[in-house]
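K.L.:
Okay, handing you the structure first.
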Amino acid sequence: MIKSSDTYQEAIVADGRRMHVKAVVDIEDPDMVQGEVTSVEQEPGISRPEQVWDKNFALNAHYASMEPNRWILDGSYILRPEDAATRDWEAGLVGAVLSGEDGVFPVPQWAQIDFQNVGVLQACAVAFSDRLEDGVAVDFTVEVISEGVAYHTTTVTGNTKSHVSIIGFRVNRPDTIRVTVTRWSLPGRRMRVVEIVPGVYEIWTGREIEKSGLTVKMQGDPSCVTLPYGTASITMDNESRRFDPRTKDGIFLMLEDRQGIELYMGPELPDGTVEYKKLGVFYQANGGWMTGNNAITMRWDLVDIIGLLVNRTYMPKGDPPTTLKGWLEALAGQLGESFVHRVRVDPDYADLPVAIPDKEAEKMTCGEILRHVCMATGTWPRADQTTGYLAAEPTWNEGNKLTLRNLNKYPTMSANGDVAAVTVNGYTIDGTAPACGNTLEIENPCIPSAQRLERARALLAFYGGNRLETVGRGDPSSEIGDVDTIWLAEGNATAARRIKQEFSISGGVLKNCSSTFVRGDGLFLFQERVQILESGEFVVPEGVWRLRVILVGHGWSGRPGTDGTWNNHRNQFMGEHIFTQAPNGGYGVDGSPGAGGMVWEGIIDVNPGQVFQVSVPPDGGHTVFGKYSSGDGKQYPNGFTDIATGDVYGRTGVRNPAPGSGDGGEGGAGGQAGSWYVVGHWYYDDGYVYPGTSEGGWGVDPGHDTPGHWERESFVERHPTDGKPGAAGATGCVIIYWDPPEVIDNDDT
């Protein structure tokens, strides 16, 4: 689950939401090796030449200088710090020479990047500062160089843009791009080069892609039995024919496999901004392009990083890796040196030992090795959504909250596949349904004999139980592997692990997004279960040596709503409204929801007959099991899911929390406002005159010879009410899983 703001969470389920898409297109040689950045004299302590490579086009080095109008007294600029050389900011390359009154530099200012392993270059770009007070290069020259010779030169005059792209050329085996600036748009300015791009690096928004369409499919298999991967299909306008293979001055020859496109999607917030969530990085594979409509459009069919690897033959390079992270780096490195470090491994698992004999590895595809090393270490492979990297992580128990506001209709539920038996490297255990015809046989050279039973039983977590299919409005903050809590009624919730989802947008509308969830009943590694709701003690059964324990703390009560106050509903005082209105119209503020209790889970080694003291506080606090405490865990805003049963614990803001759930209570409603009004009138000895009939000034009425006096009367329409109390948080519990003794007794490993 990708973290998101409260505003995002409201916008994603809003009735009238507007979704936006964005694509960052990086058409550079995937085998390119970045080199040095050199230039004329730079401003010491400010310039960051290495940032010319980082694809960050937004400068944030807001420091005051003696350049005209760059010492703005609005609090956004700081004095140049003494430690500027190590300051963490984005400055790009900053020259040391100032432009003259006419913007012309006394000496041409230049900057260049060096690189290697680029076969052909048909496009490049240079970016200057996008801040008005910095200015841009007006007159400059871009040279594309190979072995010291400039084979292409473009001279730009009268430029006013911060980002300039250059196409319509072809240079084979280039190694340098040099930018030389002779005139700046403002006087007394330094040259500021933000990026030099050897290729195409562009940001496409909905205008380019929404009309034609975007489809993204994500999928994964936490069991590692199969290796599905994500795909994307993106269609964009190509009226300029720059992607047309028949256009000689386009950039078609630069299109190669392994070039990445970052895709983003997000809702428009009430303030008009968009909170994008990354859908991943998708790459061209085997060409992956197709033109249509006489090349007016270009469509790319893309895959994630696992899609690039799944069928690629593994080619050993040097000594074989010995750890999980080492294997992932070796696999990613099969795509090129620039991919070696595009991996993400859970730090608790990164250094786990994994061995594959050399001769065995040479017979495998990268996809087979990836499945084997992850299965052997208790992790699963996926393309990390936020980075696009090759990732290996254990499963987790957290995800988004789904209600009918997210869905078009109720989920469709069906039986998940059963398995009669599971065999790992010759070791067999019973499956979820011994009478069914499906068996699972795994041959994995990475799994030691001592771990065969554990790995075989781990696979059962993904068999049996239920499969849910949903069609909804889509939420790009959801990730494959999330355990989503589906609230179909206030009092109960079910949960299942997300293994597939699809986003499809056209004409700016995101709808009918399908997702698939699995809730297996293989009970992870354990088959016996007990839930303890009260304090006492637990005695480990005979023959049991290991427990899986879940500790759920007491949920917090919702805060009470504040009392309502008096507010002037209407004021009849000679037609004047002179009474101050109460804040919030006099209505009380709803109380904040109570957080769910903290949840800790773990697998612990025990001795048969060992006694654990259990504390489940009835009035709040942490649940304790021996030396273990729920206080050592964490809170889950959408609840912690025990995926073995689908039960959810520790939710926040539940109207009627069930005992033992550890749910936090819903906040109390604010009190109602009280209202009153005033009626004024003139009073005489023979009665009063209602406001509006009096003429002739203060206390004077033509129908009376003597002055009257003014009176007013207050009327109460309704009294303010007290705020409602919040719902009480629920008590926690202890959930314990273990193997039946007969399984332990028959374990010959």
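Just remember, in the structure tokens the first chain shown is A, the second B, etc., residues are 1-based per chain, and ligands are 1-based in the order shown.
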How close does each residue of region 381-431 of chain A get to region 438-441 of chain A, giving the shortest atom pair and distance in Å to one decimal for every residue with an atom at most 9 Å away, counting only C-alpha atoms, sorted by chain and residue number, as JSON lines?
P.N.:
```
{"residue": "A:Gly417", "atom": "CA", "partner": "A:Asn438", "partner_atom": "CA", "distance": 8.6}
{"residue": "A:Asp418", "atom": "CA", "partner": "A:Asn438", "partner_atom": "CA", "distance": 7.0}
{"residue": "A:Val419", "atom": "CA", "partner": "A:Asn438", "partner_atom": "CA", "distance": 5.0}
{"residue": "A:Ala420", "atom": "CA", "partner": "A:Thr439", "partner_atom": "CA", "distance": 5.2}
{"residue": "A:Ala421", "atom": "CA", "partner": "A:Thr439", "partner_atom": "CA", "distance": 5.1}
{"residue": "A:Val422", "atom": "CA", "partner": "A:Leu440", "partner_atom": "CA", "distance": 4.8}
{"residue": "A:Thr423", "atom": "CA", "partner": "A:Glu441", "partner_atom": "CA", "distance": 4.7}
{"residue": "A:Val424", "atom": "CA", "partner": "A:Glu441", "partner_atom": "CA", "distance": 6.1}
{"residue": "A:Asn425", "atom": "CA", "partner": "A:Glu441", "partner_atom": "CA", "distance": 7.9}
{"residue": "A:Gly426", "atom": "CA", "partner": "A:Glu441", "partner_atom": "CA", "distance": 8.2}
{"residue": "A:Thr428", "atom": "CA", "partner": "A:Glu441", "partner_atom": "CA", "distance": 8.6}
{"residue": "A:Gly431", "atom": "CA", "partner": "A:Thr439", "partner_atom": "CA", "distance": 8.0}
```
K.L.:
Hey, what's within 6 Å of region 93-95 of chain A if we count only C-alpha atoms and toss same-chain stuff fewer than 4 positions away? As a list in words, please?
P.N.:
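Counting only C-alpha atoms, the residues come to Gln42, Glu43, Ser47, Arg48, Pro49, Arg190, Met191, Arg192 and Val193 of chain A.
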K.L.:
Could you write out the selected residues, including all heavy atoms, as a PDB file, in the first residue's frame?
P.N.:
```pdb
ATOM      1  N   GLN A  42      33.300  27.125 -12.490  1.00  0.00           N
ATOM      2  CA  GLN A  42      31.995  27.056 -11.833  1.00  0.00           C
ATOM      3  C   GLN A  42      31.999  27.871 -10.547  1.00  0.00           C
ATOM      4  O   GLN A  42      33.056  28.124  -9.961  1.00  0.00           O
ATOM      5  CB  GLN A  42      31.646  25.601 -11.516  1.00  0.00           C
ATOM      6  CG  GLN A  42      31.599  24.699 -12.739  1.00  0.00           C
ATOM      7  CD  GLN A  42      31.371  23.254 -12.362  1.00  0.00           C
ATOM      8  OE1 GLN A  42      30.663  22.953 -11.409  1.00  0.00           O
ATOM      9  NE2 GLN A  42      31.983  22.340 -13.112  1.00  0.00           N
ATOM     10  N   GLU A  43      30.800  28.254 -10.107  1.00  0.00           N
ATOM     11  CA  GLU A  43      30.683  28.997  -8.852  1.00  0.00           C
ATOM     12  C   GLU A  43      30.965  28.032  -7.700  1.00  0.00           C
ATOM     13  O   GLU A  43      30.207  27.075  -7.477  1.00  0.00           O
ATOM     14  CB  GLU A  43      29.289  29.602  -8.696  1.00  0.00           C
ATOM     15  CG  GLU A  43      29.173  30.480  -7.461  1.00  0.00           C
ATOM     16  CD  GLU A  43      27.791  31.089  -7.303  1.00  0.00           C
ATOM     17  OE1 GLU A  43      26.876  30.689  -8.036  1.00  0.00           O
ATOM     18  OE2 GLU A  43      27.637  31.954  -6.433  1.00  0.00           O
ATOM     19  N   SER A  47      27.686  25.189  -7.271  1.00  0.00           N
ATOM     20  CA  SER A  47      27.491  24.330  -8.428  1.00  0.00           C
ATOM     21  C   SER A  47      27.526  22.853  -8.045  1.00  0.00           C
ATOM     22  O   SER A  47      28.324  22.434  -7.200  1.00  0.00           O
ATOM     23  CB  SER A  47      28.572  24.619  -9.469  1.00  0.00           C
ATOM     24  OG  SER A  47      28.352  23.864 -10.641  1.00  0.00           O
ATOM     25  N   ARG A  48      26.636  22.081  -8.629  1.00  0.00           N
ATOM     26  CA  ARG A  48      26.578  20.629  -8.436  1.00  0.00           C
ATOM     27  C   ARG A  48      26.588  19.963  -9.818  1.00  0.00           C
ATOM     28  O   ARG A  48      25.555  19.554 -10.345  1.00  0.00           O
ATOM     29  CB  ARG A  48      25.307  20.217  -7.684  1.00  0.00           C
ATOM     30  CG  ARG A  48      25.174  20.803  -6.302  1.00  0.00           C
ATOM     31  CD  ARG A  48      26.150  20.138  -5.337  1.00  0.00           C
ATOM     32  NE  ARG A  48      25.872  20.546  -3.989  1.00  0.00           N
ATOM     33  CZ  ARG A  48      26.312  21.671  -3.435  1.00  0.00           C
ATOM     34  NH1 ARG A  48      27.067  22.491  -4.147  1.00  0.00           N
ATOM     35  NH2 ARG A  48      26.026  21.994  -2.200  1.00  0.00           N
ATOM     36  N   PRO A  49      27.739  19.844 -10.455  1.00  0.00           N
ATOM     37  CA  PRO A  49      27.775  19.320 -11.823  1.00  0.00           C
ATOM     38  C   PRO A  49      27.232  17.901 -11.946  1.00  0.00           C
ATOM     39  O   PRO A  49      26.679  17.534 -12.988  1.00  0.00           O
ATOM     40  CB  PRO A  49      29.262  19.395 -12.186  1.00  0.00           C
ATOM     41  CG  PRO A  49      29.989  19.460 -10.881  1.00  0.00           C
ATOM     42  CD  PRO A  49      29.087  20.208  -9.956  1.00  0.00           C
ATOM     43  N   ARG A 190      24.523  34.197 -14.012  1.00  0.00           N
ATOM     44  CA  ARG A 190      25.409  33.078 -14.275  1.00  0.00           C
ATOM     45  C   ARG A 190      24.695  32.047 -15.144  1.00  0.00           C
ATOM     46  O   ARG A 190      23.467  31.922 -15.084  1.00  0.00           O
ATOM     47  CB  ARG A 190      25.860  32.430 -12.964  1.00  0.00           C
ATOM     48  CG  ARG A 190      26.731  33.332 -12.104  1.00  0.00           C
ATOM     49  CD  ARG A 190      27.147  32.628 -10.808  1.00  0.00           C
ATOM     50  NE  ARG A 190      28.148  33.393 -10.094  1.00  0.00           N
ATOM     51  CZ  ARG A 190      27.879  34.346  -9.207  1.00  0.00           C
ATOM     52  NH1 ARG A 190      26.615  34.660  -8.932  1.00  0.00           N
ATOM     53  NH2 ARG A 190      28.858  34.991  -8.592  1.00  0.00           N
ATOM     54  N   MET A 191      25.442  31.302 -15.921  1.00  0.00           N
ATOM     55  CA  MET A 191      24.869  30.186 -16.669  1.00  0.00           C
ATOM     56  C   MET A 191      24.423  29.105 -15.685  1.00  0.00           C
ATOM     57  O   MET A 191      25.171  28.719 -14.775  1.00  0.00           O
ATOM     58  CB  MET A 191      25.912  29.603 -17.620  1.00  0.00           C
ATOM     59  CG  MET A 191      25.422  28.368 -18.375  1.00  0.00           C
ATOM     60  SD  MET A 191      26.697  27.571 -19.378  1.00  0.00           S
ATOM     61  CE  MET A 191      27.752  26.879 -18.111  1.00  0.00           C
ATOM     62  N   ARG A 192      23.214  28.634 -15.865  1.00  0.00           N
ATOM     63  CA  ARG A 192      22.691  27.549 -15.037  1.00  0.00           C
ATOM     64  C   ARG A 192      22.155  26.450 -15.961  1.00  0.00           C
ATOM     65  O   ARG A 192      21.132  26.631 -16.622  1.00  0.00           O
ATOM     66  CB  ARG A 192      21.592  28.054 -14.100  1.00  0.00           C
ATOM     67  CG  ARG A 192      22.123  28.899 -12.951  1.00  0.00           C
ATOM     68  CD  ARG A 192      21.011  29.392 -12.036  1.00  0.00           C
ATOM     69  NE  ARG A 192      21.556  29.981 -10.827  1.00  0.00           N
ATOM     70  CZ  ARG A 192      21.981  31.241 -10.717  1.00  0.00           C
ATOM     71  NH1 ARG A 192      21.922  32.051 -11.767  1.00  0.00           N
ATOM     72  NH2 ARG A 192      22.466  31.686  -9.573  1.00  0.00           N
ATOM     73  N   VAL A 193      22.870  25.332 -15.981  1.00  0.00           N
ATOM     74  CA  VAL A 193      22.466  24.167 -16.772  1.00  0.00           C
ATOM     75  C   VAL A 193      21.951  23.112 -15.801  1.00  0.00           C
ATOM     76  O   VAL A 193      22.695  22.637 -14.937  1.00  0.00           O
ATOM     77  CB  VAL A 193      23.638  23.621 -17.607  1.00  0.00           C
ATOM     78  CG1 VAL A 193      23.201  22.364 -18.358  1.00  0.00           C
ATOM     79  CG2 VAL A 193      24.127  24.684 -18.583  1.00  0.00           C
TER      80      VAL A 193
END
```
K.L.:
List as a ChimeraX atom specification the protein and nucleic acid residues near Lys217 (chain A), meaning an atom at most 8 Å away when only C-alpha atoms are counted, but skip any in the same chain fewer than 6 places from it.
P.N.:
/A:230-232,500-503
K.L.:
Grab the residues selected above and save them as a JSON list (two decimals), in the first residue's frame with C-alpha atoms.
P.N.:
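The resulting part.json:
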```json
[["chain", "number", "residue", "atom", "x", "y", "z"],
["A", 230, "GLY", "CA", 2.95, -6.59, -15.26],
["A", 231, "THR", "CA", 2.17, -5.11, -18.66],
["A", 232, "ALA", "CA", 1.17, -1.71, -19.98],
["A", 500, "LYS", "CA", -3.98, -8.89, -9.88],
["A", 501, "GLN", "CA", -5.35, -5.47, -10.81],
["A", 502, "GLU", "CA", -6.00, -3.53, -13.97],
["A", 503, "PHE", "CA", -6.28, 0.19, -14.67]]
```
K.L.:
Just the number, please: distance in Å from CA of Gln613 (chain A) to CA of Thr652 (chain A), one decimal.
P.N.:
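One can read the CA of Gln613 (chain A) to CA of Thr652 (chain A) distance as 27.9 Å.
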K.L.:
Could you check which of A:Ile532, A:His719, A:Pro106, A:Arg299 is closest to Tyr737 (chain A), using only C-alpha atoms?
P.N.:
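Nearest candidate to Tyr737 (chain A) out of A:Ile532, A:His719, A:Pro106, A:Arg299: A:Ile532.
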K.L.:
Have a look at A:Thr141, A:Ser129, A:Thr377, A:Gln451 and name the one nearest to Ser162 (chain A); count only C-alpha atoms.
P.N.:
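The answer is A:Ser129, which sits nearest to Ser162 (chain A).
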K.L.:
Of the residues A:Ala595, A:Leu551, A:Val373, A:Leu132, which is the one nearest to Asn69 (chain A), using only C-alpha atoms?
P.N.:
A:Leu132
K.L.:
Go through region 318-521 of chain A and collect every residue that DSSP, computed from the backbone, puts in alpha helix (DSSP H); the answer should be as a VMD selection string.
P.N.:
chain A and resid 324 to 333 358 to 362 366 to 377 452 to 459
K.L.:
Generate a file of the selected residues that holds N, CA and C atoms, formatted as a short mmCIF file (atom, residue, chain, number, x, y, z; two decimals), in the first residue's frame.
P.N.:
```
data_model
loop_
_atom_site.label_atom_id
_atom_site.label_comp_id
_atom_site.auth_asym_id
_atom_site.auth_seq_id
_atom_site.Cartn_x
_atom_site.Cartn_y
_atom_site.Cartn_z
N LEU A 324 20.65 -13.87 -1.24
CA LEU A 324 19.45 -13.49 -1.98
C LEU A 324 19.67 -12.19 -2.75
N LYS A 325 20.20 -11.17 -2.10
CA LYS A 325 20.43 -9.90 -2.79
C LYS A 325 21.44 -10.08 -3.92
N GLY A 326 22.46 -10.88 -3.68
CA GLY A 326 23.45 -11.12 -4.72
C GLY A 326 22.83 -11.73 -5.97
N TRP A 327 21.90 -12.66 -5.77
CA TRP A 327 21.24 -13.29 -6.92
C TRP A 327 20.36 -12.29 -7.65
N LEU A 328 19.65 -11.45 -6.93
CA LEU A 328 18.81 -10.47 -7.61
C LEU A 328 19.65 -9.48 -8.41
N GLU A 329 20.79 -9.07 -7.86
CA GLU A 329 21.67 -8.17 -8.60
C GLU A 329 22.24 -8.86 -9.84
N ALA A 330 22.56 -10.15 -9.72
CA ALA A 330 23.07 -10.88 -10.87
C ALA A 330 22.00 -11.02 -11.95
N LEU A 331 20.76 -11.26 -11.54
CA LEU A 331 19.68 -11.38 -12.51
C LEU A 331 19.39 -10.05 -13.19
N ALA A 332 19.30 -8.98 -12.40
CA ALA A 332 19.06 -7.66 -12.99
C ALA A 332 20.21 -7.28 -13.91
N GLY A 333 21.43 -7.69 -13.54
CA GLY A 333 22.59 -7.38 -14.36
C GLY A 333 22.56 -8.05 -15.72
N ASP A 358 26.66 -24.33 -10.26
CA ASP A 358 26.90 -23.64 -11.53
C ASP A 358 26.22 -24.34 -12.70
N LYS A 359 26.35 -25.64 -12.77
CA LYS A 359 25.77 -26.36 -13.90
C LYS A 359 24.25 -26.28 -13.90
N GLU A 360 23.65 -26.25 -12.70
CA GLU A 360 22.20 -26.12 -12.62
C GLU A 360 21.75 -24.74 -13.11
N ALA A 361 22.46 -23.68 -12.69
CA ALA A 361 22.08 -22.31 -13.06
C ALA A 361 22.17 -22.10 -14.56
N GLU A 362 23.16 -22.69 -15.21
CA GLU A 362 23.34 -22.49 -16.64
C GLU A 362 22.19 -23.08 -17.46
N CYS A 366 16.29 -16.86 -16.29
CA CYS A 366 16.33 -15.91 -15.16
C CYS A 366 15.06 -16.01 -14.33
N GLY A 367 13.94 -16.26 -15.01
CA GLY A 367 12.68 -16.39 -14.28
C GLY A 367 12.67 -17.57 -13.35
N GLU A 368 13.21 -18.70 -13.79
CA GLU A 368 13.27 -19.89 -12.94
C GLU A 368 14.16 -19.65 -11.72
N ILE A 369 15.30 -19.03 -11.94
CA ILE A 369 16.20 -18.76 -10.81
C ILE A 369 15.53 -17.81 -9.83
N LEU A 370 14.84 -16.80 -10.34
CA LEU A 370 14.17 -15.83 -9.47
C LEU A 370 13.14 -16.52 -8.59
N ARG A 371 12.35 -17.41 -9.16
CA ARG A 371 11.36 -18.13 -8.37
C ARG A 371 12.04 -19.01 -7.32
N HIS A 372 13.10 -19.69 -7.72
CA HIS A 372 13.76 -20.62 -6.81
C HIS A 372 14.37 -19.90 -5.61
N VAL A 373 15.11 -18.81 -5.85
CA VAL A 373 15.80 -18.16 -4.73
C VAL A 373 14.80 -17.49 -3.79
N CYS A 374 13.69 -17.00 -4.34
CA CYS A 374 12.69 -16.38 -3.47
C CYS A 374 11.94 -17.43 -2.66
N MET A 375 11.57 -18.52 -3.30
CA MET A 375 10.88 -19.59 -2.57
C MET A 375 11.75 -20.14 -1.45
N ALA A 376 13.04 -20.27 -1.70
CA ALA A 376 13.95 -20.83 -0.71
C ALA A 376 14.15 -19.91 0.48
N THR A 377 13.95 -18.62 0.31
CA THR A 377 14.19 -17.66 1.39
C THR A 377 12.91 -17.13 2.03
N ARG A 452 12.64 -28.51 3.71
CA ARG A 452 11.62 -28.98 2.77
C ARG A 452 10.21 -28.93 3.36
N LEU A 453 10.09 -29.38 4.61
CA LEU A 453 8.78 -29.38 5.25
C LEU A 453 8.25 -27.96 5.39
N GLU A 454 9.09 -27.06 5.87
CA GLU A 454 8.65 -25.68 6.07
C GLU A 454 8.20 -25.04 4.76
N ARG A 455 8.95 -25.24 3.69
CA ARG A 455 8.60 -24.62 2.41
C ARG A 455 7.35 -25.28 1.82
N ALA A 456 7.22 -26.57 1.98
CA ALA A 456 6.03 -27.25 1.46
C ALA A 456 4.77 -26.74 2.14
N ARG A 457 4.85 -26.60 3.45
CA ARG A 457 3.67 -26.14 4.18
C ARG A 457 3.42 -24.66 3.95
N ALA A 458 4.46 -23.88 3.67
CA ALA A 458 4.26 -22.47 3.37
C ALA A 458 3.42 -22.30 2.10
N LEU A 459 3.57 -23.21 1.16
CA LEU A 459 2.81 -23.12 -0.09
C LEU A 459 1.31 -23.28 0.14
#
```
K.L.:
Select from region 289-490 of chain A everything DSSP, run on the backbone, classes as strand (DSSP E or B), then give the selection as a PyMOL selection string.
P.N.:
chain A and resi 289-292+297-303+313+323+343-345+353+365+380-383+390-393+401-402+407+412-415+421-424+427-430+439-442+466-472+483-486
K.L.:
Write out, as JSON lines, each residue of region 485-561 of chain A that has an atom at most 10 Å from region 17-25 of chain A, together with the closest pair of atoms and their distance in Å to one decimal, counting only C-alpha atoms, rows going by chain and rising number.
P.N.:
```
{"residue": "A:Ile505", "atom": "CA", "partner": "A:Val21", "partner_atom": "CA", "distance": 8.3}
{"residue": "A:Gly508", "atom": "CA", "partner": "A:Met19", "partner_atom": "CA", "distance": 6.5}
{"residue": "A:Val509", "atom": "CA", "partner": "A:Met19", "partner_atom": "CA", "distance": 6.7}
{"residue": "A:Leu510", "atom": "CA", "partner": "A:Met19", "partner_atom": "CA", "distance": 6.7}
{"residue": "A:Lys511", "atom": "CA", "partner": "A:Met19", "partner_atom": "CA", "distance": 9.9}
```
K.L.:
Put those residues in a file: N, CA, C and O atoms, as a PDB file, in the first residue's frame.
P.N.:
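Just written: selection.pdb:
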```
ATOM      1  N   ILE A 505      -7.762   3.764 -18.620  1.00  0.00           N
ATOM      2  CA  ILE A 505      -8.281   5.124 -18.670  1.00  0.00           C
ATOM      3  C   ILE A 505      -8.395   5.559 -20.118  1.00  0.00           C
ATOM      4  O   ILE A 505      -7.527   5.275 -20.944  1.00  0.00           O
ATOM      5  N   GLY A 508     -10.058  10.524 -20.116  1.00  0.00           N
ATOM      6  CA  GLY A 508      -9.995  11.077 -18.774  1.00  0.00           C
ATOM      7  C   GLY A 508     -10.823  10.337 -17.755  1.00  0.00           C
ATOM      8  O   GLY A 508     -10.950  10.773 -16.614  1.00  0.00           O
ATOM      9  N   VAL A 509     -11.417   9.188 -18.119  1.00  0.00           N
ATOM     10  CA  VAL A 509     -12.299   8.449 -17.221  1.00  0.00           C
ATOM     11  C   VAL A 509     -11.637   7.132 -16.847  1.00  0.00           C
ATOM     12  O   VAL A 509     -11.236   6.352 -17.723  1.00  0.00           O
ATOM     13  N   LEU A 510     -11.513   6.871 -15.559  1.00  0.00           N
ATOM     14  CA  LEU A 510     -11.003   5.607 -15.037  1.00  0.00           C
ATOM     15  C   LEU A 510     -12.168   4.859 -14.422  1.00  0.00           C
ATOM     16  O   LEU A 510     -12.789   5.328 -13.476  1.00  0.00           O
ATOM     17  N   LYS A 511     -12.483   3.712 -14.970  1.00  0.00           N
ATOM     18  CA  LYS A 511     -13.636   2.974 -14.461  1.00  0.00           C
ATOM     19  C   LYS A 511     -13.496   1.497 -14.802  1.00  0.00           C
ATOM     20  O   LYS A 511     -12.623   1.101 -15.583  1.00  0.00           O
TER      21      LYS A 511
END
```
K.L.:
Could you tell me which of A:Thr731, A:Ser592, A:Thr38, A:Thr641 comes closest to Trp396 (chain A) if we count only C-alpha atoms?
P.N.:
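Counting only C-alpha atoms, the residue closest to Trp396 (chain A) is A:Thr641.
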K.L.:
Just the residues within 10 Å of Glu36 (chain A), please, counting only C-alpha atoms, with nothing from its chain fewer than 2 positions along; format it as a list in words.
P.N.:
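Contacts, with the query itself left out: Gln34, Thr38, Pro49, Glu50, Val52, Trp53, Gln112, Ile113, Asp114, Phe115 and Thr176 of chain A.
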K.L.:
Filtering to N, CA and C atoms, could you give me those residues as a CSV table (one decimal), in the first residue's frame?
P.N.:
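Result file follows (part36.csv):
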```csv
chain,number,residue,atom,x,y,z
A,34,GLN,N,27.3,6.4,-17.8
A,34,GLN,CA,27.5,7.8,-17.6
A,34,GLN,C,29.0,8.1,-17.3
A,38,THR,N,32.0,18.2,-17.2
A,38,THR,CA,33.0,19.2,-17.1
A,38,THR,C,32.5,20.5,-17.7
A,49,PRO,N,27.7,19.8,-10.5
A,49,PRO,CA,27.8,19.3,-11.8
A,49,PRO,C,27.2,17.9,-11.9
A,50,GLU,N,27.4,17.1,-10.9
A,50,GLU,CA,26.9,15.7,-11.0
A,50,GLU,C,25.4,15.6,-11.2
A,52,VAL,N,23.6,17.2,-13.3
A,52,VAL,CA,23.2,17.3,-14.7
A,52,VAL,C,22.8,16.0,-15.2
A,53,TRP,N,23.1,14.9,-14.5
A,53,TRP,CA,22.7,13.5,-14.9
A,53,TRP,C,21.4,13.0,-14.2
A,112,GLN,N,29.7,20.1,-20.6
A,112,GLN,CA,29.5,18.9,-21.4
A,112,GLN,C,29.5,17.7,-20.6
A,113,ILE,N,28.8,16.7,-21.1
A,113,ILE,CA,28.7,15.4,-20.5
A,113,ILE,C,29.4,14.4,-21.4
A,114,ASP,N,30.1,13.4,-20.7
A,114,ASP,CA,30.7,12.3,-21.4
A,114,ASP,C,30.0,11.0,-21.1
A,115,PHE,N,30.0,10.1,-22.0
A,115,PHE,CA,29.3,8.8,-21.8
A,115,PHE,C,29.9,7.8,-22.8
A,176,THR,N,30.1,12.4,-26.4
A,176,THR,CA,30.1,13.6,-25.7
A,176,THR,C,29.0,14.5,-26.2
```
K.L.:
For each of A:Val142, A:Pro267, A:Asp304, A:Asp26, take the minimum atom-to-atom distance to Trp204 (chain A), counting only C-alpha atoms, then give the residue where this is smallest.
P.N.:
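Distance minimum relative to Trp204 (chain A) lands on A:Asp26.
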K.L.:
Pick the closest to Val126 (chain A) from A:Lys277, A:Arg498, A:Lys55, A:Lys634: which is it, counting only C-alpha atoms?
P.N.:
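So, comparing all the options, the nearest one is A:Lys55.
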K.L.:
Determine, counting only C-alpha atoms, which protein, DNA and RNA residues have an atom within 10 Å of an atom of Ser4 (chain A); residues of the same chain fewer than 6 positions away are not included. Present the result as a VMD selection string.
P.N.:
chain A and resid 275 to 277 477
K.L.:
Store the residues picked out above in a file with N, CA and C atoms, as a CSV table (one decimal), in the first residue's frame.
P.N.:
```csv
chain,number,residue,atom,x,y,z
A,275,GLU,N,-2.5,14.5,-6.8
A,275,GLU,CA,-1.6,13.6,-6.0
A,275,GLU,C,-1.4,12.3,-6.8
A,276,TYR,N,-0.3,12.3,-7.5
A,276,TYR,CA,0.0,11.1,-8.4
A,276,TYR,C,0.6,10.0,-7.5
A,277,LYS,N,0.2,8.8,-7.9
A,277,LYS,CA,0.8,7.6,-7.4
A,277,LYS,C,1.5,6.8,-8.6
A,477,SER,N,-3.1,3.7,-5.3
A,477,SER,CA,-2.3,3.5,-4.2
A,477,SER,C,-2.2,2.0,-3.7
```
